[in-house]
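Printed here is data.pdb (PDB, C-alpha atoms):
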```pdb
ATOM      1  CA  MET A 280      55.413  -7.752  50.679
ATOM      2  CA  LYS A 281      54.033  -5.378  53.270
ATOM      3  CA  ILE A 282      50.611  -3.887  53.935
ATOM      4  CA  GLY A 283      50.515  -0.100  53.970
ATOM      5  CA  VAL A 284      47.975   2.693  53.925
ATOM      6  CA  PHE A 285      47.615   6.060  52.229
ATOM      7  CA  LEU A 286      47.374   8.022  55.465
ATOM      8  CA  VAL A 287      45.297  10.903  54.060
ATOM      9  CA  LEU A 288      42.343   8.678  54.941
ATOM     10  CA  PHE A 289      42.910   9.865  58.520
ATOM     11  CA  GLN A 290      43.852  13.448  57.760
ATOM     12  CA  ASN A 291      41.423  14.756  60.386
ATOM     13  CA  GLU A 292      43.445  13.053  63.116
ATOM     14  CA  PRO A 293      46.837  14.234  64.431
ATOM     15  CA  LEU A 294      49.741  12.404  62.844
ATOM     16  CA  GLU A 295      50.732  10.504  65.978
ATOM     17  CA  LYS A 296      47.177   9.329  66.654
ATOM     18  CA  ALA A 297      46.748   8.182  63.055
ATOM     19  CA  LEU A 298      50.039   6.302  63.149
ATOM     20  CA  ASP A 299      49.125   4.572  66.404
ATOM     21  CA  TYR A 300      45.793   3.455  64.987
ATOM     22  CA  VAL A 301      47.082   2.029  61.699
ATOM     23  CA  LYS A 302      49.981   0.329  63.484
ATOM     24  CA  ALA A 303      47.526  -1.355  65.871
ATOM     25  CA  GLN A 304      45.632  -2.754  62.864
ATOM     26  CA  GLY A 305      48.748  -4.448  61.524
ATOM     27  CA  VAL A 306      49.954  -1.923  58.958
ATOM     28  CA  GLU A 307      53.698  -1.838  58.332
ATOM     29  CA  ALA A 308      54.094   1.189  56.040
ATOM     30  CA  VAL A 309      52.498   4.565  55.433
ATOM     31  CA  GLU A 310      52.152   6.656  52.302
ATOM     32  CA  ILE A 311      52.077  10.325  53.291
ATOM     33  CA  GLY A 312      50.257  13.142  51.504
ATOM     34  CA  THR A 313      52.544  16.088  50.812
ATOM     35  CA  GLY A 314      50.439  18.363  48.613
ATOM     36  CA  GLY A 315      48.462  18.477  45.398
ATOM     37  CA  TYR A 316      44.929  17.110  45.550
ATOM     38  CA  PRO A 317      45.547  14.914  48.663
ATOM     39  CA  GLY A 318      46.776  17.915  50.682
ATOM     40  CA  ASN A 319      49.468  17.941  53.357
ATOM     41  CA  ALA A 320      47.581  17.626  56.643
ATOM     42  CA  HIS A 321      50.197  15.317  58.166
ATOM     43  CA  CYS A 322      53.284  16.575  56.400
ATOM     44  CA  ASN A 323      54.126  20.048  55.096
ATOM     45  CA  PRO A 324      57.362  19.561  53.147
ATOM     46  CA  ARG A 325      58.328  23.232  53.181
ATOM     47  CA  GLU A 326      58.028  23.447  56.962
ATOM     48  CA  LEU A 327      60.045  20.282  57.512
ATOM     49  CA  LEU A 328      62.741  21.313  55.040
ATOM     50  CA  ALA A 329      63.083  24.668  56.780
ATOM     51  CA  ASP A 330      63.311  23.255  60.317
ATOM     52  CA  PRO A 331      65.694  20.340  61.026
ATOM     53  CA  GLY A 332      64.082  19.856  64.421
ATOM     54  CA  LYS A 333      60.613  19.406  62.949
ATOM     55  CA  LEU A 334      62.025  17.082  60.306
ATOM     56  CA  ALA A 335      63.701  14.922  62.961
ATOM     57  CA  ARG A 336      60.516  14.745  65.043
ATOM     58  CA  PHE A 337      58.462  13.786  61.988
ATOM     59  CA  LYS A 338      60.871  11.012  61.094
ATOM     60  CA  GLU A 339      60.951   9.791  64.688
ATOM     61  CA  ALA A 340      57.142   9.699  64.861
ATOM     62  CA  VAL A 341      57.106   7.162  62.034
ATOM     63  CA  GLU A 342      60.199   5.127  62.823
ATOM     64  CA  SER A 343      59.588   4.843  66.578
ATOM     65  CA  ARG A 344      56.399   2.942  65.797
ATOM     66  CA  GLY A 345      58.213   0.438  63.608
ATOM     67  CA  LEU A 346      56.700   1.873  60.437
ATOM     68  CA  GLU A 347      58.316   2.864  57.158
ATOM     69  CA  ILE A 348      57.312   5.516  54.633
ATOM     70  CA  SER A 349      56.573   3.801  51.329
ATOM     71  CA  ALA A 350      56.039   7.030  49.375
ATOM     72  CA  LEU A 351      55.313  10.739  49.518
ATOM     73  CA  SER A 352      52.236  11.586  47.466
ATOM     74  CA  CYS A 353      51.425  14.923  45.886
ATOM     75  CA  HIS A 354      49.000  13.862  43.139
ATOM     76  CA  GLY A 355      48.460  16.998  41.095
ATOM     77  CA  ASN A 356      48.296  18.533  37.643
ATOM     78  CA  PRO A 357      51.510  20.489  37.048
ATOM     79  CA  LEU A 358      50.388  21.027  33.438
ATOM     80  CA  HIS A 359      47.066  22.620  34.316
ATOM     81  CA  PRO A 360      46.183  25.516  31.972
ATOM     82  CA  ASN A 361      45.583  27.710  35.020
ATOM     83  CA  PRO A 362      49.128  28.885  35.814
ATOM     84  CA  GLU A 363      48.404  29.260  39.524
ATOM     85  CA  ILE A 364      47.256  25.646  39.847
ATOM     86  CA  ALA A 365      50.123  24.389  37.683
ATOM     87  CA  LYS A 366      52.719  26.277  39.733
ATOM     88  CA  LYS A 367      51.323  25.103  43.058
ATOM     89  CA  HIS A 368      51.302  21.464  41.979
ATOM     90  CA  HIS A 369      54.770  21.763  40.458
ATOM     91  CA  ASP A 370      56.110  23.378  43.626
ATOM     92  CA  ASP A 371      54.477  20.658  45.722
ATOM     93  CA  PHE A 372      56.203  18.046  43.565
ATOM     94  CA  GLU A 373      59.643  19.607  43.908
ATOM     95  CA  ALA A 374      59.236  20.088  47.662
ATOM     96  CA  SER A 375      58.139  16.446  47.963
ATOM     97  CA  VAL A 376      61.218  15.297  46.047
ATOM     98  CA  LEU A 377      63.514  17.313  48.295
ATOM     99  CA  LEU A 378      61.818  15.968  51.413
ATOM    100  CA  ALA A 379      61.954  12.398  50.104
ATOM    101  CA  GLU A 380      65.686  12.793  49.656
ATOM    102  CA  LYS A 381      66.060  13.971  53.268
ATOM    103  CA  LEU A 382      63.927  11.106  54.581
ATOM    104  CA  GLY A 383      65.552   8.440  52.437
ATOM    105  CA  VAL A 384      62.240   7.722  50.682
ATOM    106  CA  GLN A 385      62.614   6.481  47.129
ATOM    107  CA  ASN A 386      59.115   7.111  45.750
ATOM    108  CA  VAL A 387      57.182  10.297  45.022
ATOM    109  CA  ILE A 388      53.708   9.728  43.599
ATOM    110  CA  THR A 389      51.780  12.096  41.366
ATOM    111  CA  PHE A 390      49.786  12.262  38.132
ATOM    112  CA  SER A 391      51.271  12.949  34.716
ATOM    113  CA  GLY A 392      49.149  16.065  34.365
ATOM    114  CA  CYS A 393      46.900  17.132  31.523
ATOM    115  CA  PRO A 394      47.160  20.448  29.627
ATOM    116  CA  GLY A 395      44.338  22.222  27.854
ATOM    117  CA  ASP A 396      43.946  22.303  24.092
ATOM    118  CA  SER A 397      46.178  25.354  23.543
ATOM    119  CA  GLU A 398      48.083  28.082  25.326
ATOM    120  CA  ASN A 399      44.787  29.969  25.674
ATOM    121  CA  ALA A 400      42.915  27.157  27.435
ATOM    122  CA  LYS A 401      41.273  27.544  30.830
ATOM    123  CA  TYR A 402      40.648  23.883  31.689
ATOM    124  CA  PRO A 403      42.379  20.530  31.056
ATOM    125  CA  ASN A 404      41.332  18.663  27.900
ATOM    126  CA  TRP A 405      41.542  14.871  28.120
ATOM    127  CA  VAL A 406      41.434  13.419  24.604
ATOM    128  CA  THR A 407      39.689  10.028  24.331
ATOM    129  CA  CYS A 408      39.042   9.583  20.597
ATOM    130  CA  PRO A 409      40.863  10.303  17.310
ATOM    131  CA  TRP A 410      38.032  11.891  15.333
ATOM    132  CA  PRO A 411      37.233  14.576  14.384
ATOM    133  CA  SER A 412      40.893  15.133  13.651
ATOM    134  CA  ASP A 413      40.989  18.220  15.906
ATOM    135  CA  PHE A 414      41.463  15.813  18.803
ATOM    136  CA  LEU A 415      44.606  14.270  17.336
ATOM    137  CA  GLU A 416      46.059  17.735  16.804
ATOM    138  CA  VAL A 417      45.367  18.583  20.424
ATOM    139  CA  LEU A 418      46.909  15.299  21.594
ATOM    140  CA  LYS A 419      50.069  15.829  19.535
ATOM    141  CA  TRP A 420      50.469  19.337  20.944
ATOM    142  CA  GLN A 421      49.913  18.149  24.513
ATOM    143  CA  TRP A 422      52.561  15.440  24.322
ATOM    144  CA  GLU A 423      55.189  17.179  22.216
ATOM    145  CA  GLU A 424      54.913  20.717  23.559
ATOM    146  CA  LYS A 425      53.871  20.144  27.170
ATOM    147  CA  LEU A 426      54.011  16.649  28.633
ATOM    148  CA  ILE A 427      57.377  15.346  27.415
ATOM    149  CA  PRO A 428      59.289  18.635  27.875
ATOM    150  CA  TYR A 429      57.893  19.062  31.396
ATOM    151  CA  TRP A 430      58.744  15.559  32.546
ATOM    152  CA  LYS A 431      62.198  15.611  31.017
ATOM    153  CA  LYS A 432      63.034  18.505  33.350
ATOM    154  CA  ALA A 433      61.013  17.276  36.331
ATOM    155  CA  GLY A 434      62.303  13.736  35.897
ATOM    156  CA  GLN A 435      65.891  14.937  35.850
ATOM    157  CA  PHE A 436      65.234  16.945  39.023
ATOM    158  CA  ALA A 437      63.931  13.817  40.747
ATOM    159  CA  LYS A 438      66.829  11.715  39.466
ATOM    160  CA  ASP A 439      69.357  14.268  40.684
ATOM    161  CA  HIS A 440      67.917  13.837  44.182
ATOM    162  CA  GLY A 441      67.766  10.049  44.126
ATOM    163  CA  VAL A 442      63.984   9.837  43.797
ATOM    164  CA  ARG A 443      61.722   7.875  41.456
ATOM    165  CA  VAL A 444      58.574   9.414  39.951
ATOM    166  CA  CYS A 445      55.598   7.082  40.392
ATOM    167  CA  LEU A 446      52.843   8.162  38.029
ATOM    168  CA  GLU A 447      49.358   6.928  38.810
ATOM    169  CA  MET A 448      47.624   5.891  35.596
ATOM    170  CA  HIS A 449      44.377   7.825  35.928
ATOM    171  CA  PRO A 450      41.748   8.811  33.351
ATOM    172  CA  GLY A 451      41.577  12.568  32.944
ATOM    173  CA  PHE A 452      45.369  12.785  32.639
ATOM    174  CA  CYS A 453      47.675  12.109  29.699
ATOM    175  CA  VAL A 454      49.051   8.949  31.319
ATOM    176  CA  TYR A 455      46.102   6.679  32.066
ATOM    177  CA  ASN A 456      47.080   3.180  30.895
ATOM    178  CA  PRO A 457      50.212   1.049  30.335
ATOM    179  CA  GLU A 458      50.670   2.268  26.746
ATOM    180  CA  THR A 459      50.773   5.949  27.730
ATOM    181  CA  LEU A 460      52.957   5.274  30.772
ATOM    182  CA  LEU A 461      55.510   3.400  28.680
ATOM    183  CA  ARG A 462      55.425   6.092  25.998
ATOM    184  CA  LEU A 463      56.376   8.751  28.530
ATOM    185  CA  ARG A 464      58.932   6.464  30.195
ATOM    186  CA  GLU A 465      60.587   5.861  26.829
ATOM    187  CA  ALA A 466      60.800   9.603  26.209
ATOM    188  CA  VAL A 467      62.031  10.552  29.685
ATOM    189  CA  GLY A 468      63.831   7.546  31.135
ATOM    190  CA  GLU A 469      63.560   4.987  33.906
ATOM    191  CA  VAL A 470      63.072   7.648  36.561
ATOM    192  CA  ILE A 471      59.431   7.383  35.424
ATOM    193  CA  GLY A 472      57.488   4.372  36.662
ATOM    194  CA  ALA A 473      54.006   3.448  37.840
ATOM    195  CA  ASN A 474      52.111   3.798  41.041
ATOM    196  CA  PHE A 475      49.980   0.841  40.010
ATOM    197  CA  ASP A 476      46.369   1.305  41.106
ATOM    198  CA  PRO A 477      44.134  -1.426  39.630
ATOM    199  CA  SER A 478      40.931   0.440  40.508
ATOM    200  CA  HIS A 479      41.456   2.927  37.681
ATOM    201  CA  LEU A 480      42.123   0.158  35.198
ATOM    202  CA  PHE A 481      39.111  -2.062  35.884
ATOM    203  CA  TRP A 482      36.522   0.357  34.533
ATOM    204  CA  GLN A 483      38.582   1.074  31.424
ATOM    205  CA  GLY A 484      38.295  -2.605  30.514
ATOM    206  CA  ILE A 485      41.959  -3.266  31.337
ATOM    207  CA  ASP A 486      42.955  -6.530  32.995
ATOM    208  CA  PRO A 487      45.351  -5.508  35.806
ATOM    209  CA  ILE A 488      47.139  -8.864  35.652
ATOM    210  CA  PHE A 489      48.030  -8.405  31.981
ATOM    211  CA  ALA A 490      48.899  -4.768  32.651
ATOM    212  CA  LEU A 491      51.345  -5.748  35.397
ATOM    213  CA  ARG A 492      53.131  -8.127  33.048
ATOM    214  CA  LYS A 493      53.366  -5.415  30.399
ATOM    215  CA  LEU A 494      54.888  -3.062  32.983
ATOM    216  CA  GLU A 495      57.504  -5.469  34.322
ATOM    217  CA  GLY A 496      60.383  -3.419  35.676
ATOM    218  CA  ALA A 497      58.336  -0.220  35.710
ATOM    219  CA  VAL A 498      56.094  -0.804  38.764
ATOM    220  CA  TYR A 499      57.523   1.259  41.616
ATOM    221  CA  HIS A 500      54.616   1.420  44.078
ATOM    222  CA  VAL A 501      51.183  -0.210  44.360
ATOM    223  CA  HIS A 502      47.781   0.928  45.626
ATOM    224  CA  ALA A 503      45.348  -1.607  47.031
ATOM    225  CA  LYS A 504      41.969  -0.351  45.853
ATOM    226  CA  ASP A 505      39.090  -2.100  44.142
ATOM    227  CA  THR A 506      36.314  -1.186  41.704
ATOM    228  CA  LYS A 507      32.890  -2.730  41.216
ATOM    229  CA  ILE A 508      31.306  -2.616  37.772
ATOM    230  CA  ASP A 509      27.509  -2.312  37.935
ATOM    231  CA  PRO A 510      26.181  -5.066  35.620
ATOM    232  CA  VAL A 511      23.028  -3.106  34.741
ATOM    233  CA  ASN A 512      24.219   0.464  34.298
ATOM    234  CA  SER A 513      27.432  -0.567  32.569
ATOM    235  CA  LEU A 514      25.678  -2.620  29.903
ATOM    236  CA  VAL A 515      23.201   0.188  29.241
ATOM    237  CA  ASN A 516      25.456   3.244  29.326
ATOM    238  CA  GLY A 517      29.018   1.954  29.080
ATOM    239  CA  ASN A 518      31.702   2.898  31.584
ATOM    240  CA  LEU A 519      32.444   6.508  30.662
ATOM    241  CA  ASP A 520      30.470   7.864  33.599
ATOM    242  CA  THR A 521      30.398  11.510  34.712
ATOM    243  CA  LYS A 522      27.864  11.158  37.514
ATOM    244  CA  VAL A 523      29.214  12.090  40.950
ATOM    245  CA  TYR A 524      30.638   9.236  42.996
ATOM    246  CA  THR A 525      27.913   9.487  45.632
ATOM    247  CA  GLU A 526      25.156   8.572  43.143
ATOM    248  CA  GLU A 527      26.234   4.973  43.541
ATOM    249  CA  ILE A 528      23.072   3.243  42.394
ATOM    250  CA  LYS A 529      23.043   5.247  39.148
ATOM    251  CA  ARG A 530      26.705   4.827  38.230
ATOM    252  CA  SER A 531      28.303   2.244  35.927
ATOM    253  CA  TRP A 532      31.073   1.643  38.453
ATOM    254  CA  ILE A 533      32.180   2.718  41.917
ATOM    255  CA  PHE A 534      35.348   2.381  43.964
ATOM    256  CA  ARG A 535      35.261  -0.370  46.591
ATOM    257  CA  THR A 536      37.380  -1.636  49.421
ATOM    258  CA  VAL A 537      39.551  -4.564  48.287
ATOM    259  CA  GLY A 538      37.479  -7.727  48.165
ATOM    260  CA  TYR A 539      34.196  -5.941  47.471
ATOM    261  CA  GLY A 540      34.853  -5.492  43.760
ATOM    262  CA  HIS A 541      36.864  -8.626  43.059
ATOM    263  CA  ASP A 542      37.283 -11.754  45.146
ATOM    264  CA  PHE A 543      40.221 -13.563  46.740
ATOM    265  CA  GLY A 544      40.942 -15.302  43.446
ATOM    266  CA  PHE A 545      41.742 -12.054  41.670
ATOM    267  CA  TRP A 546      43.767 -10.553  44.513
ATOM    268  CA  LYS A 547      45.811 -13.727  44.970
ATOM    269  CA  ASP A 548      46.603 -13.631  41.255
ATOM    270  CA  PHE A 549      47.433  -9.945  41.625
ATOM    271  CA  VAL A 550      50.013 -10.358  44.391
ATOM    272  CA  SER A 551      51.424 -13.474  42.702
ATOM    273  CA  THR A 552      51.909 -11.524  39.481
ATOM    274  CA  LEU A 553      53.599  -8.729  41.427
ATOM    275  CA  ARG A 554      56.098 -11.293  42.645
ATOM    276  CA  LEU A 555      56.485 -12.710  39.128
ATOM    277  CA  ILE A 556      57.510  -9.289  37.800
ATOM    278  CA  GLY A 557      59.891  -8.623  40.690
ATOM    279  CA  TYR A 558      57.808  -6.324  42.902
ATOM    280  CA  ASP A 559      58.074  -7.171  46.583
ATOM    281  CA  GLY A 560      57.179  -3.811  48.106
ATOM    282  CA  VAL A 561      54.177  -2.256  49.809
ATOM    283  CA  LEU A 562      50.478  -2.664  48.991
ATOM    284  CA  SER A 563      49.197   0.728  50.090
ATOM    285  CA  ILE A 564      45.485   0.740  50.954
ATOM    286  CA  GLU A 565      43.664   3.697  49.418
ATOM    287  CA  HIS A 566      40.135   3.897  50.761
ATOM    288  CA  GLU A 567      37.588   5.656  48.544
ATOM    289  CA  ASP A 568      34.637   3.337  49.100
ATOM    290  CA  SER A 569      31.558   5.549  49.452
ATOM    291  CA  LEU A 570      29.507   2.655  50.866
ATOM    292  CA  MET A 571      31.719   2.242  53.937
ATOM    293  CA  SER A 572      33.147   4.511  56.590
ATOM    294  CA  GLY A 573      36.860   5.094  56.391
ATOM    295  CA  LYS A 574      37.469   3.068  59.554
ATOM    296  CA  GLU A 575      35.411   0.049  58.503
ATOM    297  CA  GLY A 576      36.688   0.045  54.942
ATOM    298  CA  PHE A 577      40.286   0.309  56.093
ATOM    299  CA  GLU A 578      39.983  -2.438  58.690
ATOM    300  CA  LYS A 579      38.274  -4.782  56.233
ATOM    301  CA  ALA A 580      41.017  -4.073  53.678
ATOM    302  CA  VAL A 581      43.766  -4.908  56.175
ATOM    303  CA  ALA A 582      42.064  -8.156  57.181
ATOM    304  CA  PHE A 583      41.533  -9.101  53.528
ATOM    305  CA  LEU A 584      45.108  -8.340  52.465
ATOM    306  CA  LYS A 585      46.554 -10.348  55.349
ATOM    307  CA  GLU A 586      45.101 -13.397  53.618
ATOM    308  CA  VAL A 587      46.620 -12.656  50.199
ATOM    309  CA  VAL A 588      50.011 -10.963  50.642
ATOM    310  CA  ILE A 589      53.091 -13.109  50.171
ATOM    311  CA  ARG A 590      55.555 -12.225  52.914
ATOM    312  CA  GLU A 591      58.449 -14.634  52.953
ATOM    313  CA  LYS A 592      61.356 -14.520  50.567
ATOM    314  CA  ILE A 593      61.458 -17.276  47.991
ATOM    315  CA  GLY A 594      63.618 -20.146  49.176
ATOM    316  CA  GLN A 595      65.257 -22.922  47.255
ATOM    317  CA  ALA A 596      62.928 -24.941  45.040
ATOM    318  CA  TRP A 597      63.645 -28.172  46.940
ATOM    319  CA  TRP A 598      61.411 -30.266  44.686
ATOM    320  CA  VAL A 599      63.374 -29.443  41.509
TER
END
```

Would it be possible to restate this file's structure as structure tokens?
Amino acid sequence: MKIGVFLVLFQNEPLEKALDYVKAQGVEAVEIGTGGYPGNAHCNPRELLADPGKLARFKEAVESRGLEISALSCHGNPLHPNPEIAKKHHDDFEASVLLAEKLGVQNVITFSGCPGDSENAKYPNWVTCPWPSDFLEVLKWQWEEKLIPYWKKAGQFAKDHGVRVCLEMHPGFCVYNPETLLRLREAVGEVIGANFDPSHLFWQGIDPIFALRKLEGAVYHVHAKDTKIDPVNSLVNGNLDTKVYTEEIKRSWIFRTVGYGHDFGFWKDFVSTLRLIGYDGVLSIEHEDSLMSGKEGFEKAVAFLKEVVIREKIGQAWWV
């Protein structure tokens, strides 16, 4: 396994400076933002695809530092009811796939998307309960008329270019847990897999270890990000929390740097389970801890993960 970082954390720095810094901290791989919500500060796919010289210099900037690109990330909502937003995020996805093919990168990360409740909707509608029955009608329409048809086409596009679609299971989108990921994967094919981010599972009451075992063979990329459940607010108000992330003391949960939500015991189980299910790739640090600066949170995450990652290939079981 290797330690990586989602480089949008340092989007205010030039690419070369950001790469030098993360390399000096011991990172071996970078996940690059290429559009959607993360933006494309370090990598504009359309510019690189249009200019072979720029593409070569971009690739050299990464490879000359002994780094690899674990994924291109364009987390967006290509099913947004606003056609302008949907088109932009769809175009970002296709451009990211084409760039991944050129770079020899296997993984493109995004969200499944979430439509509205009808063709006349203005905003996404994330259904979380089956009653009143209106909600089930909306959910059926979203999956059968929007989600599955879209990803059958988009998935085939990715497959045609040798790229895997890594969907991040995230509340607010149609795919938010193992059950919904596997449902879409069954409908579309194995081009669909998970960008497994445990932070979004913790507050839903999902055990990431059990979820990994359920998703054996379908985990294509992994985020290293933690969540802390507030023992007071959670037990009073539950975990469906719409307060802004910066009202930390009022929230039922907040994102944390790895090790500040769950201890070494959990993370050692996590990486061991990754190995059990056949994943030996990158743990990409995503820093969204509002209690720490980006620099401190990142450096603490690297130091923490160095203690838990399993690096060497499994040898012969000499004691058997």

Practice prompt. Apply the PyMOL selection byres ((chain A and resi 403-405) around 9) to the file shown and report the selected residues as a ChimeraX atom specification.
Written response: /A:358-361,392-396,400-402,406-407,417-418,450-453

Starting from 6 Å padding per side, set up an axis-aligned box that covers all listed atoms of segment 340-354 of chain A and hand over centre and edge lengths in Å, one decimal, as AutoDock Vina command-line options.
```
--center_x 54.6 --center_y 7.7 --center_z 54.9 --size_x 23.2 --size_y 26.5 --size_z 35.4
```

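Put simply, atom CA of Ser412 of chain A is 27.4 Å away from atom CA of Ala365 of chain A.
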
Query - Contacts of segment 473-479 of chain A within 6 Å, only C-alpha atoms, excl. fewer than 2 positions in-chain, as a list in words - result: Cys445, Leu446, Glu447, His449, Phe481, Pro487, Val498, Tyr499, His500, Val501, His502, Lys504, Asp505 and Thr506 of chain A

Q. Using all atoms listed in the file, which residues sit within 12 Å of segment 523-527 of chain A once same-chain residues fewer than 6 positions away are excluded, as a ChimeraX atom specification?
A. /A:506-509,512,533-535,567-571

Include C-alpha atoms and write out the residues we just selected as a PDB file, keeping the file's coordinate frame.
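Dumped everything to out.pdb:
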```pdb
ATOM      1  CA  THR A 506      36.314  -1.186  41.704  1.00  0.00           C
ATOM      2  CA  LYS A 507      32.890  -2.730  41.216  1.00  0.00           C
ATOM      3  CA  ILE A 508      31.306  -2.616  37.772  1.00  0.00           C
ATOM      4  CA  ASP A 509      27.509  -2.312  37.935  1.00  0.00           C
ATOM      5  CA  ASN A 512      24.219   0.464  34.298  1.00  0.00           C
ATOM      6  CA  ILE A 533      32.180   2.718  41.917  1.00  0.00           C
ATOM      7  CA  PHE A 534      35.348   2.381  43.964  1.00  0.00           C
ATOM      8  CA  ARG A 535      35.261  -0.370  46.591  1.00  0.00           C
ATOM      9  CA  GLU A 567      37.588   5.656  48.544  1.00  0.00           C
ATOM     10  CA  ASP A 568      34.637   3.337  49.100  1.00  0.00           C
ATOM     11  CA  SER A 569      31.558   5.549  49.452  1.00  0.00           C
ATOM     12  CA  LEU A 570      29.507   2.655  50.866  1.00  0.00           C
ATOM     13  CA  MET A 571      31.719   2.242  53.937  1.00  0.00           C
TER      14      MET A 571
END
```

In Å and to one decimal, atom CA of Asp330 of chain A is distant from atom CA of Ala437 of chain A by 21.7 Å

Checklist entry - Can you list, as a ChimeraX atom specification, the residues that the PyMOL selection byres ((chain A and resi 288) around 12) selects here? => result /A:284-287,289-294,297-298,300-301,309-312,317-321,563-568,572-578

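Atom to atom, atom CA of Arg462 of chain A and atom CA of Leu491 of chain A stand 15.7 Å apart.
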
When you count all atoms listed in the file, which of these residues is closest to Lys432 of chain A: A:Glu363, A:Glu495, A:Glu373, A:Glu458?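 Using all atoms listed in the file, the shortest distance to Lys432 of chain A belongs to A:Glu373.
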
Of A:Ile485, A:Val376, A:Ile528, A:Met280, the one sitting nearest Lys592 of chain A when using only C-alpha atoms is A:Met280
